[in-house]
>>> print(open('query06.txt').read())   # compact mmCIF, C-alpha atoms
# COMPACT_ATOMS: atom_id res chain seq x y z
CA MET A 1 85.67 -105.06 -94.67
CA ASP A 2 84.08 -108.04 -92.96
CA THR A 3 80.50 -109.05 -93.60
CA SER A 4 79.39 -108.53 -90.01
CA LEU A 5 80.28 -104.84 -90.29
CA ILE A 6 78.19 -104.44 -93.42
CA GLN A 7 75.36 -106.28 -91.67
CA LEU A 8 75.59 -104.00 -88.62
CA HIS A 9 75.19 -100.92 -90.79
CA THR A 10 72.53 -102.45 -92.99
CA ASP A 11 70.48 -103.28 -89.91
CA GLN A 12 70.83 -99.74 -88.64
CA ILE A 13 69.78 -98.11 -91.88
CA GLN A 14 66.96 -100.53 -92.56
CA GLY A 15 65.92 -100.30 -88.93
CA GLY A 16 65.69 -96.54 -89.43
CA THR A 17 67.48 -95.55 -86.20
CA LYS A 18 68.34 -92.16 -87.68
CA VAL A 19 64.79 -91.38 -88.66
CA GLU A 20 63.50 -92.21 -85.20
CA GLN A 21 65.59 -89.44 -83.62
CA SER A 22 63.89 -86.15 -82.80
CA MET A 23 63.91 -83.74 -85.74
CA CYS A 24 65.22 -81.04 -83.40
CA LYS A 25 68.28 -82.83 -82.06
CA PRO A 26 71.44 -81.57 -83.72
CA TYR A 27 73.53 -84.40 -85.15
CA HIS A 28 77.22 -84.30 -84.36
CA VAL A 29 79.45 -84.03 -87.41
CA GLY A 30 83.21 -84.45 -87.12
CA ILE A 31 85.47 -83.11 -89.86
CA PHE A 32 88.95 -84.62 -89.99
CA LEU A 33 91.73 -82.08 -90.53
CA PHE A 34 95.34 -82.86 -91.37
CA ASN A 35 98.35 -81.20 -92.99
CA GLU A 36 97.82 -80.56 -96.72
CA VAL A 37 94.07 -81.20 -96.59
CA GLU A 38 92.41 -79.51 -99.61
CA VAL A 39 90.73 -76.34 -98.32
CA LEU A 40 87.34 -76.59 -100.01
CA ASP A 41 87.16 -80.32 -99.20
CA PHE A 42 86.64 -79.47 -95.54
CA ALA A 43 85.34 -75.90 -95.80
CA GLY A 44 82.44 -76.88 -98.10
CA PRO A 45 80.98 -79.49 -95.73
CA PHE A 46 81.79 -77.22 -92.76
CA GLU A 47 79.67 -74.46 -94.31
CA VAL A 48 76.78 -76.74 -95.27
CA PHE A 49 76.46 -78.53 -91.93
CA SER A 50 77.04 -75.32 -89.96
CA ILE A 51 74.21 -73.37 -91.50
CA ALA A 52 71.73 -76.23 -92.10
CA GLU A 53 68.67 -75.97 -89.89
CA ALA A 54 66.47 -78.81 -88.70
CA GLU A 55 63.62 -76.31 -88.67
CA PRO A 56 63.65 -72.49 -88.77
CA GLY A 57 66.00 -71.21 -86.07
CA VAL A 58 67.06 -74.69 -84.90
CA LYS A 59 70.57 -75.87 -85.79
CA GLY A 60 70.53 -79.21 -87.61
CA PHE A 61 74.12 -80.14 -86.83
CA GLN A 62 76.89 -79.44 -84.39
CA VAL A 63 80.11 -79.34 -86.39
CA HIS A 64 83.43 -80.31 -84.81
CA THR A 65 86.88 -80.10 -86.37
CA VAL A 66 89.48 -82.64 -85.28
CA SER A 67 93.11 -83.50 -85.97
CA ALA A 68 95.12 -86.39 -84.55
CA ASP A 69 96.85 -84.32 -81.86
CA GLY A 70 94.58 -81.25 -81.85
CA GLU A 71 97.44 -79.01 -82.95
CA ILE A 72 97.13 -76.38 -85.68
CA ILE A 73 97.28 -77.87 -89.19
CA ARG A 74 98.57 -76.40 -92.43
CA ALA A 75 95.98 -77.02 -95.13
CA ARG A 76 96.84 -77.02 -98.83
CA ASN A 77 98.39 -73.81 -100.08
CA GLY A 78 99.20 -72.59 -96.59
CA LEU A 79 95.88 -72.02 -94.83
CA GLN A 80 96.47 -72.67 -91.13
CA VAL A 81 93.51 -73.98 -89.14
CA GLN A 82 93.26 -74.67 -85.43
CA PRO A 83 91.07 -77.77 -84.92
CA GLN A 84 88.72 -77.78 -81.93
CA TYR A 85 89.67 -81.27 -80.84
CA SER A 86 92.27 -84.01 -80.84
CA PHE A 87 91.13 -87.60 -81.48
CA ALA A 88 91.11 -88.19 -77.73
CA GLN A 89 88.91 -85.18 -76.98
CA LEU A 90 86.38 -85.51 -79.79
CA PRO A 91 82.74 -85.83 -78.65
CA GLU A 92 80.64 -88.75 -79.88
CA LEU A 93 79.77 -88.44 -83.56
CA ASP A 94 76.83 -89.27 -85.79
CA LEU A 95 78.74 -88.50 -88.97
CA LEU A 96 82.46 -88.44 -89.77
CA ILE A 97 83.70 -86.47 -92.80
CA ILE A 98 87.01 -87.46 -94.39
CA PRO A 99 88.26 -84.76 -96.78
CA GLY A 100 90.97 -85.31 -99.37
CA GLY A 101 93.87 -83.46 -100.89
CA TYR A 102 97.59 -84.05 -101.16
CA GLY A 103 97.81 -84.79 -97.44
CA ALA A 104 95.28 -87.63 -97.73
CA GLU A 105 96.81 -89.04 -100.92
CA GLU A 106 100.45 -88.97 -99.90
CA ILE A 107 100.72 -88.64 -96.11
CA GLU A 108 97.74 -89.83 -94.03
CA ILE A 109 97.23 -92.91 -96.19
CA TYR A 110 100.55 -94.31 -94.91
CA LYS A 111 99.66 -93.89 -91.22
CA PRO A 112 98.16 -97.04 -89.69
CA ASP A 113 96.95 -95.05 -86.65
CA ILE A 114 94.82 -92.81 -88.86
CA LEU A 115 93.33 -95.73 -90.77
CA ASN A 116 92.57 -97.51 -87.50
CA TRP A 117 90.91 -94.37 -86.13
CA ILE A 118 88.61 -94.20 -89.17
CA ARG A 119 87.96 -97.95 -88.98
CA GLY A 120 86.95 -97.55 -85.36
CA TYR A 121 84.11 -95.22 -86.34
CA ALA A 122 82.94 -97.65 -89.02
CA GLU A 123 82.92 -100.45 -86.49
CA ALA A 124 80.98 -98.30 -84.03
CA GLY A 125 78.25 -97.79 -86.62
CA VAL A 126 78.98 -94.12 -87.30
CA GLN A 127 78.00 -92.74 -90.72
CA ILE A 128 81.10 -91.96 -92.80
CA ALA A 129 81.40 -89.69 -95.84
CA SER A 130 84.48 -88.83 -97.85
CA VAL A 131 85.19 -85.88 -100.11
CA CYS A 132 87.56 -86.07 -103.07
CA THR A 133 90.60 -88.27 -102.39
CA GLY A 134 89.43 -88.87 -98.83
CA ALA A 135 88.02 -91.99 -100.51
CA LEU A 136 91.57 -93.34 -100.77
CA LEU A 137 91.80 -93.39 -96.96
CA LEU A 138 88.53 -95.32 -96.76
CA ALA A 139 89.72 -97.73 -99.45
CA GLU A 140 93.09 -98.24 -97.74
CA ALA A 141 91.23 -98.91 -94.48
CA GLY A 142 89.34 -101.65 -96.33
CA LEU A 143 86.00 -99.94 -95.83
CA LEU A 144 85.08 -99.76 -99.51
CA ASP A 145 85.68 -103.40 -100.40
CA GLY A 146 82.72 -104.77 -102.31
CA LEU A 147 81.07 -101.35 -102.45
CA ARG A 148 80.52 -98.73 -105.13
CA ALA A 149 82.57 -95.55 -104.61
CA THR A 150 83.96 -92.48 -106.31
CA THR A 151 86.71 -89.87 -105.86
CA HIS A 152 88.25 -86.86 -107.65
CA TRP A 153 88.22 -87.49 -111.41
CA MET A 154 92.02 -87.25 -111.52
CA ASP A 155 92.30 -90.15 -109.03
CA LEU A 156 89.64 -92.56 -110.30
CA LYS A 157 92.30 -94.69 -111.96
CA ARG A 158 94.38 -94.92 -108.78
CA LEU A 159 91.31 -95.95 -106.77
CA GLU A 160 90.51 -98.59 -109.37
CA GLU A 161 94.01 -99.98 -109.78
CA GLN A 162 95.10 -100.01 -106.15
CA TYR A 163 91.79 -101.27 -104.74
CA PRO A 164 90.35 -103.82 -107.18
CA ALA A 165 87.67 -104.83 -104.66
CA VAL A 166 86.12 -101.36 -104.99
CA GLU A 167 83.53 -100.85 -107.72
CA VAL A 168 84.63 -97.42 -108.97
CA GLN A 169 81.92 -95.08 -110.28
CA ARG A 170 82.60 -92.39 -112.86
CA GLY A 171 80.64 -89.25 -113.76
CA VAL A 172 78.76 -88.88 -110.47
CA LYS A 173 78.87 -86.21 -107.77
CA PHE A 174 78.69 -88.81 -105.04
CA VAL A 175 77.88 -92.46 -104.38
CA ASP A 176 75.54 -93.23 -101.52
CA GLN A 177 75.99 -96.73 -100.10
CA GLY A 178 73.97 -96.03 -96.99
CA TRP A 179 76.34 -95.94 -94.04
CA ILE A 180 79.25 -94.96 -96.29
CA VAL A 181 79.14 -92.20 -98.89
CA THR A 182 81.97 -91.08 -101.19
CA SER A 183 81.98 -87.95 -103.30
CA GLY A 184 83.82 -86.57 -106.29
CA GLY A 185 86.43 -83.85 -106.20
CA ILE A 186 86.50 -80.70 -104.07
CA SER A 187 83.15 -78.96 -104.61
CA ALA A 188 81.34 -82.29 -105.04
CA GLY A 189 81.67 -82.42 -101.24
CA ILE A 190 79.14 -79.59 -101.06
CA HIS A 191 76.67 -81.65 -103.11
CA MET A 192 77.25 -84.68 -100.91
CA SER A 193 76.79 -82.61 -97.75
CA LEU A 194 73.51 -81.15 -99.00
CA HIS A 195 72.41 -84.72 -99.79
CA MET A 196 73.24 -85.71 -96.20
CA VAL A 197 71.30 -82.73 -94.82
CA GLY A 198 68.38 -84.11 -96.80
CA ARG A 199 68.83 -87.53 -95.27
CA TYR A 200 68.93 -86.26 -91.68
CA HIS A 201 66.48 -83.37 -91.82
CA GLY A 202 64.52 -83.76 -95.03
CA MET A 203 64.76 -82.34 -98.53
CA GLU A 204 63.19 -79.01 -97.60
CA ALA A 205 65.97 -78.37 -95.05
CA ALA A 206 68.58 -79.24 -97.70
CA LYS A 207 67.00 -76.94 -100.27
CA LEU A 208 66.88 -74.04 -97.79
CA THR A 209 70.56 -74.61 -96.97
CA ALA A 210 71.51 -74.49 -100.66
CA LYS A 211 69.40 -71.36 -101.11
CA ARG A 212 71.05 -69.61 -98.17
CA MET A 213 74.45 -70.51 -99.65
CA GLU A 214 73.27 -69.38 -103.11
CA TYR A 215 74.53 -72.76 -104.28
CA ASP A 216 73.11 -74.12 -107.53
CA TRP A 217 71.88 -77.52 -106.54
CA GLU A 218 69.48 -80.06 -107.88
CA PRO A 219 68.67 -82.66 -105.23
CA GLU A 220 68.89 -85.60 -107.56
CA SER A 221 70.57 -88.65 -106.12
CA GLU A 222 74.09 -89.26 -107.40
CA ALA A 223 73.83 -86.45 -109.95
CA SER A 224 76.04 -86.75 -112.95
CA LEU A 225 79.10 -84.51 -113.16
CA MET B 226 83.98 -42.06 -103.85
CA ASP B 227 85.56 -39.12 -105.63
CA THR B 228 85.71 -38.86 -109.39
CA SER B 229 89.51 -38.85 -109.54
CA LEU B 230 89.57 -42.30 -107.97
CA ILE B 231 87.16 -43.69 -110.55
CA GLN B 232 89.28 -42.04 -113.26
CA LEU B 233 92.49 -43.62 -111.90
CA HIS B 234 90.95 -47.08 -112.09
CA THR B 235 89.32 -46.48 -115.45
CA ASP B 236 92.67 -45.42 -116.91
CA GLN B 237 94.33 -48.53 -115.52
CA ILE B 238 91.75 -50.91 -116.93
CA GLN B 239 91.44 -49.19 -120.28
CA GLY B 240 95.21 -48.81 -120.45
CA GLY B 241 95.42 -52.55 -120.01
CA THR B 242 98.20 -52.52 -117.41
CA LYS B 243 97.10 -55.96 -116.21
CA VAL B 244 97.18 -57.50 -119.63
CA GLU B 245 100.71 -56.25 -120.27
CA GLN B 246 102.08 -58.27 -117.36
CA SER B 247 103.78 -61.55 -118.12
CA MET B 248 101.35 -64.47 -118.20
CA CYS B 249 103.69 -66.31 -115.87
CA LYS B 250 103.87 -63.78 -113.06
CA PRO B 251 101.61 -64.79 -110.18
CA TYR B 252 99.27 -62.00 -109.10
CA HIS B 253 99.10 -61.34 -105.38
CA VAL B 254 95.66 -61.87 -103.84
CA GLY B 255 94.96 -60.80 -100.27
CA ILE B 256 91.98 -62.30 -98.44
CA PHE B 257 90.75 -60.30 -95.45
CA LEU B 258 89.93 -62.44 -92.40
CA PHE B 259 88.10 -61.26 -89.29
CA ASN B 260 86.08 -62.71 -86.44
CA GLU B 261 82.74 -64.17 -87.61
CA VAL B 262 83.69 -64.13 -91.29
CA GLU B 263 81.49 -66.63 -93.18
CA VAL B 264 83.66 -69.70 -93.87
CA LEU B 265 82.86 -70.34 -97.53
CA ASP B 266 83.07 -66.60 -98.29
CA PHE B 267 86.83 -66.75 -97.80
CA ALA B 268 87.49 -70.47 -98.39
CA GLY B 269 85.85 -70.47 -101.85
CA PRO B 270 88.06 -67.69 -103.27
CA PHE B 271 91.07 -69.15 -101.38
CA GLU B 272 90.55 -72.47 -103.19
CA VAL B 273 89.98 -70.93 -106.61
CA PHE B 274 92.98 -68.59 -106.57
CA SER B 275 95.23 -71.20 -104.92
CA ILE B 276 94.76 -73.83 -107.58
CA ALA B 277 94.37 -71.59 -110.65
CA GLU B 278 97.27 -71.89 -113.04
CA ALA B 279 98.54 -69.25 -115.47
CA GLU B 280 99.67 -72.12 -117.65
CA PRO B 281 100.17 -75.83 -116.89
CA GLY B 282 102.35 -76.15 -113.79
CA VAL B 283 102.65 -72.38 -113.22
CA LYS B 284 100.74 -70.85 -110.32
CA GLY B 285 98.49 -68.01 -111.43
CA PHE B 286 98.18 -66.37 -108.03
CA GLN B 287 99.94 -66.09 -104.71
CA VAL B 288 97.23 -66.09 -102.03
CA HIS B 289 97.76 -64.30 -98.73
CA THR B 290 95.43 -64.26 -95.73
CA VAL B 291 95.42 -61.18 -93.52
CA SER B 292 93.72 -59.91 -90.38
CA ALA B 293 94.11 -56.51 -88.74
CA ASP B 294 96.58 -57.69 -86.10
CA GLY B 295 97.64 -61.01 -87.63
CA GLU B 296 96.24 -62.94 -84.68
CA ILE B 297 94.12 -66.07 -85.04
CA ILE B 298 90.50 -65.31 -85.97
CA ARG B 299 87.32 -67.21 -85.11
CA ALA B 300 85.28 -67.54 -88.30
CA ARG B 301 81.52 -68.16 -88.28
CA ASN B 302 80.46 -71.30 -86.42
CA GLY B 303 83.77 -71.62 -84.65
CA LEU B 304 86.40 -72.35 -87.31
CA GLN B 305 89.67 -70.87 -86.09
CA VAL B 306 92.11 -69.68 -88.74
CA GLN B 307 95.62 -68.30 -88.34
CA PRO B 308 96.15 -65.55 -90.93
CA GLN B 309 99.57 -65.32 -92.53
CA TYR B 310 99.83 -61.56 -92.10
CA SER B 311 98.75 -58.50 -90.18
CA PHE B 312 97.84 -55.36 -92.12
CA ALA B 313 101.35 -54.01 -91.45
CA GLN B 314 103.10 -57.14 -92.79
CA LEU B 315 100.99 -57.80 -95.88
CA PRO B 316 102.95 -57.84 -99.17
CA GLU B 317 101.83 -55.60 -102.04
CA LEU B 318 98.58 -56.79 -103.60
CA ASP B 319 97.05 -56.90 -107.06
CA LEU B 320 93.64 -57.98 -105.77
CA LEU B 321 91.97 -57.60 -102.37
CA ILE B 322 89.08 -59.93 -101.45
CA ILE B 323 86.58 -58.75 -98.82
CA PRO B 324 84.41 -61.64 -97.61
CA GLY B 325 81.16 -61.20 -95.68
CA GLY B 326 79.29 -62.85 -92.86
CA TYR B 327 78.00 -61.73 -89.50
CA GLY B 328 81.39 -60.23 -88.64
CA ALA B 329 81.29 -57.95 -91.68
CA GLU B 330 77.65 -56.99 -91.20
CA GLU B 331 77.72 -56.25 -87.49
CA ILE B 332 81.32 -55.78 -86.35
CA GLU B 333 83.85 -54.68 -88.99
CA ILE B 334 81.45 -52.20 -90.57
CA TYR B 335 81.60 -50.08 -87.40
CA LYS B 336 85.42 -49.88 -87.38
CA PRO B 337 86.76 -46.74 -89.12
CA ASP B 338 90.28 -48.25 -89.22
CA ILE B 339 89.07 -51.21 -91.26
CA LEU B 340 87.15 -49.01 -93.69
CA ASN B 341 90.20 -46.75 -94.08
CA TRP B 342 92.40 -49.78 -94.72
CA ILE B 343 90.11 -50.93 -97.54
CA ARG B 344 89.84 -47.37 -98.89
CA GLY B 345 93.64 -47.19 -98.99
CA TYR B 346 93.76 -50.11 -101.43
CA ALA B 347 91.12 -48.48 -103.63
CA GLU B 348 93.11 -45.26 -103.67
CA ALA B 349 96.29 -47.16 -104.53
CA GLY B 350 94.58 -48.62 -107.60
CA VAL B 351 94.30 -52.19 -106.32
CA GLN B 352 91.51 -54.37 -107.71
CA ILE B 353 88.86 -55.03 -105.04
CA ALA B 354 86.24 -57.78 -104.95
CA SER B 355 83.67 -58.54 -102.27
CA VAL B 356 81.83 -61.74 -101.49
CA CYS B 357 78.38 -61.79 -99.91
CA THR B 358 77.91 -59.02 -97.30
CA GLY B 359 81.51 -57.91 -97.75
CA ALA B 360 79.77 -55.46 -100.12
CA LEU B 361 78.41 -53.64 -97.05
CA LEU B 362 81.98 -52.78 -96.01
CA LEU B 363 82.69 -51.40 -99.49
CA ALA B 364 79.44 -49.43 -99.42
CA GLU B 365 80.15 -48.05 -95.94
CA ALA B 366 83.63 -47.05 -97.14
CA GLY B 367 81.91 -45.07 -99.91
CA LEU B 368 83.49 -47.16 -102.64
CA LEU B 369 80.23 -48.24 -104.26
CA ASP B 370 78.66 -44.78 -104.64
CA GLY B 371 77.35 -44.33 -108.15
CA LEU B 372 78.17 -47.93 -109.07
CA ARG B 373 76.14 -51.08 -109.63
CA ALA B 374 76.64 -53.72 -106.92
CA THR B 375 75.15 -56.82 -105.34
CA THR B 376 75.31 -58.80 -102.09
CA HIS B 377 73.69 -61.84 -100.39
CA TRP B 378 70.01 -61.97 -101.35
CA MET B 379 68.98 -61.62 -97.69
CA ASP B 380 70.84 -58.28 -97.49
CA LEU B 381 69.91 -56.64 -100.79
CA LYS B 382 67.32 -54.47 -99.03
CA ARG B 383 69.81 -53.28 -96.42
CA LEU B 384 72.34 -52.36 -99.11
CA GLU B 385 69.62 -50.48 -100.98
CA GLU B 386 68.15 -48.65 -98.00
CA GLN B 387 71.34 -47.71 -96.19
CA TYR B 388 73.30 -46.74 -99.31
CA PRO B 389 70.93 -44.99 -101.73
CA ALA B 390 73.87 -43.93 -103.94
CA VAL B 391 74.48 -47.61 -104.80
CA GLU B 392 72.60 -49.08 -107.75
CA VAL B 393 71.67 -52.48 -106.27
CA GLN B 394 71.46 -55.41 -108.67
CA ARG B 395 69.25 -58.45 -108.03
CA GLY B 396 69.37 -61.96 -109.46
CA VAL B 397 73.03 -61.96 -110.47
CA LYS B 398 76.03 -63.98 -109.24
CA PHE B 399 78.28 -60.93 -109.37
CA VAL B 400 78.53 -57.41 -110.72
CA ASP B 401 81.73 -56.45 -112.50
CA GLN B 402 82.41 -52.72 -112.49
CA GLY B 403 86.00 -53.10 -113.59
CA TRP B 404 88.23 -52.20 -110.66
CA ILE B 405 85.51 -53.14 -108.17
CA VAL B 406 83.50 -56.35 -108.28
CA THR B 407 80.77 -57.44 -105.85
CA SER B 408 79.24 -60.89 -105.66
CA GLY B 409 76.13 -62.52 -104.26
CA GLY B 410 76.00 -64.75 -101.20
CA ILE B 411 78.53 -67.32 -100.03
CA SER B 412 79.13 -69.67 -102.99
CA ALA B 413 78.65 -66.82 -105.51
CA GLY B 414 82.16 -65.87 -104.39
CA ILE B 415 83.42 -68.97 -106.19
CA HIS B 416 81.75 -67.79 -109.42
CA MET B 417 83.22 -64.32 -109.00
CA SER B 418 86.69 -65.76 -108.33
CA LEU B 419 86.54 -67.93 -111.44
CA HIS B 420 85.50 -64.84 -113.39
CA MET B 421 88.56 -63.02 -112.01
CA VAL B 422 90.84 -65.93 -112.96
CA GLY B 423 89.46 -65.46 -116.47
CA ARG B 424 90.28 -61.78 -116.41
CA TYR B 425 93.88 -62.26 -115.26
CA HIS B 426 94.80 -65.47 -117.04
CA GLY B 427 92.17 -66.06 -119.70
CA MET B 428 89.00 -68.09 -119.94
CA GLU B 429 90.82 -71.37 -120.56
CA ALA B 430 92.64 -71.05 -117.22
CA ALA B 431 89.33 -70.32 -115.49
CA LYS B 432 87.63 -73.31 -117.08
CA LEU B 433 90.48 -75.62 -116.07
CA THR B 434 90.26 -74.33 -112.48
CA ALA B 435 86.52 -75.03 -112.36
CA LYS B 436 87.11 -78.49 -113.83
CA ARG B 437 89.79 -79.31 -111.27
CA MET B 438 87.38 -78.21 -108.53
CA GLU B 439 84.55 -80.19 -110.17
CA TYR B 440 82.58 -76.96 -109.91
CA ASP B 441 79.62 -76.55 -112.25
CA TRP B 442 80.33 -73.25 -113.90
CA GLU B 443 79.26 -71.46 -117.01
CA PRO B 444 81.58 -68.54 -117.73
CA GLU B 445 78.81 -66.12 -118.62
CA SER B 446 79.29 -62.61 -117.31
CA GLU B 447 77.07 -61.71 -114.35
CA ALA B 448 75.14 -64.97 -114.61
CA SER B 449 71.67 -64.96 -113.17
CA LEU B 450 71.07 -66.66 -109.84
>>> encode(input="query06.txt", output="structure tokens")
Amino acid sequence: MDTSLIQLHTDQIQGGTKVEQSMCKPYHVGIFLFNEVEVLDFAGPFEVFSIAEAEPGVKGFQVHTVSADGEIIRARNGLQVQPQYSFAQLPELDLLIIPGGYGAEEIEIYKPDILNWIRGYAEAGVQIASVCTGALLLAEAGLLDGLRATTHWMDLKRLEEQYPAVEVQRGVKFVDQGWIVTSGGISAGIHMSLHMVGRYHGMEAAKLTAKRMEYDWEPESEASL
Amino acid sequence: MDTSLIQLHTDQIQGGTKVEQSMCKPYHVGIFLFNEVEVLDFAGPFEVFSIAEAEPGVKGFQVHTVSADGEIIRARNGLQVQPQYSFAQLPELDLLIIPGGYGAEEIEIYKPDILNWIRGYAEAGVQIASVCTGALLLAEAGLLDGLRATTHWMDLKRLEEQYPAVEVQRGVKFVDQGWIVTSGGISAGIHMSLHMVGRYHGMEAAKLTAKRMEYDWEPESEASL
């Protein structure tokens, strides 16, 4: 990606625009759905952001599901999900989640419209986070060039070989590069999401979310696998 | 539940009918969906059983989703899912999963038809496993009387007070009573499902499933929370 884009995001993070927002305002999270998306890749973040509270009784996030045309999608292994929105209808986002799975690796990655859609969010300064092989879509869109990133352990080699400008990280749950975050496979998306809850609403909110989910979680940054 | 029912299941487990089946035959898992079901309660087991392999390249389970009428359901926080089957259409099952969530706790529990449907599987000798407050449906159906069981930590007191014949267990991921298994809240359903993969296809298959999901899992029985 071009240097100006990195600078835009760096300014935003260093300027602390997120932190200045009211603690009580729910952030808008969009979760991209597509045919053959891995189920836990989207359902994990959906659960985390849906139940996370900014403070007791106050929702921390508004979660939206979106597919290109808004039509029902067939996730991996046959789970059919009706997204709330098409690209055109989607409300403004603070955070865009790109899950992985066979559909990301072998279908969406070859669609220029999808890559442009993701790129548009990056250019608009929206926080982006991938789960599993969702990182391949970010890499193909050129958004990981010059950055550290990770993906499902079975696809680390592909990420490394096809995108030599990406500094591939092994043995971590997620890699936080500020405005762009990538996570490891499937359930690592839950770790990454809890980490993001911590960023937006503080570590206590993240810990309470993990507790409510009965999810074993240590809030270390970029925990080892 | 009546003693003959417990005896039926005990005979089946001790007789080892499951173990005698070919390692390559996929077991049929039904996941009950209903309005306001907690998302990870069903999506966690769906992921585990969908990707678990009996042996390399051979699916260990065929996963079916089912709602009473087969119509689209609105899970907790607005995720809309189209089940594959209605009760009437559902193929024969080896294992029935009962997830929890607000819909289980406050809606399904008051429907005699739903409780009878679950009871029918118990009487037919089908393995049953609950996630989270799905245990309340099993308790209300009388299936947990005289047995040890658990649920989401926020609902342990309700299980204990409303169903004094149930021996409520605290601080465990799941409670395995052979033909009936109950698990703790939300992500504890992933632990329970991995445990069940181990029962049907061996511990190595369960470990490989956890590894593929990048899920931190120690295969101890009834692990502490």
>>> interface_residues(input="query06.txt", of="chain B", to="chain A", cutoff="6 Å", atoms="all atoms listed in the file", output="PDB file with C-alpha atoms, in the frame of the given file")
ATOM      1  CA  GLN B 305      89.670 -70.870 -86.090  1.00  0.00           C
ATOM      2  CA  VAL B 306      92.110 -69.680 -88.740  1.00  0.00           C
ATOM      3  CA  GLN B 307      95.620 -68.300 -88.340  1.00  0.00           C
ATOM      4  CA  GLY B 410      76.000 -64.750-101.200  1.00  0.00           C
ATOM      5  CA  ILE B 411      78.530 -67.320-100.030  1.00  0.00           C
ATOM      6  CA  SER B 412      79.130 -69.670-102.990  1.00  0.00           C
ATOM      7  CA  MET B 438      87.380 -78.210-108.530  1.00  0.00           C
ATOM      8  CA  GLU B 439      84.550 -80.190-110.170  1.00  0.00           C
ATOM      9  CA  TYR B 440      82.580 -76.960-109.910  1.00  0.00           C
TER      10      TYR B 440
END
>>> residues_around(input="query06.txt", residues="B:Ile343", least_positions_apart="3", cutoff="8 Å", atoms="all atoms listed in the file", output="count of residues only")
6
>>> atom_distance(input="query06.txt", atom1="atom CA of A:Gly134", atom2="atom CA of A:Ile107")
11.6 Å
>>> residues_near_point(input="query06.txt", point="(83.4, -86.5, -87.9)", cutoff="7 Å", atoms="only C-alpha atoms", output="PyMOL selection string")
chain A and resi 29-32+64+93+95-97
>>> residues_near_point(input="query06.txt", point="(95.6, -84.7, -93.4)", cutoff="8 Å", atoms="all atoms listed in the file", output="count of residues only")
14
>>> atom_distance(input="query06.txt", atom1="atom CA of A:Val168", atom2="atom CA of A:Ala149")
5.2 Å
>>> closest_residue(input="query06.txt", among="B:Gln352, B:Pro444, B:Arg395, B:Glu296", to="B:Lys382", atoms="all atoms listed in the file")
B:Arg395
>>> residues_around(input="query06.txt", residues="B:Ala277", least_positions_apart="2", cutoff="8 Å", atoms="all atoms listed in the file", output="PyMOL selection string")
chain B and resi 273-275+279+284-286+422+430-431+433-434
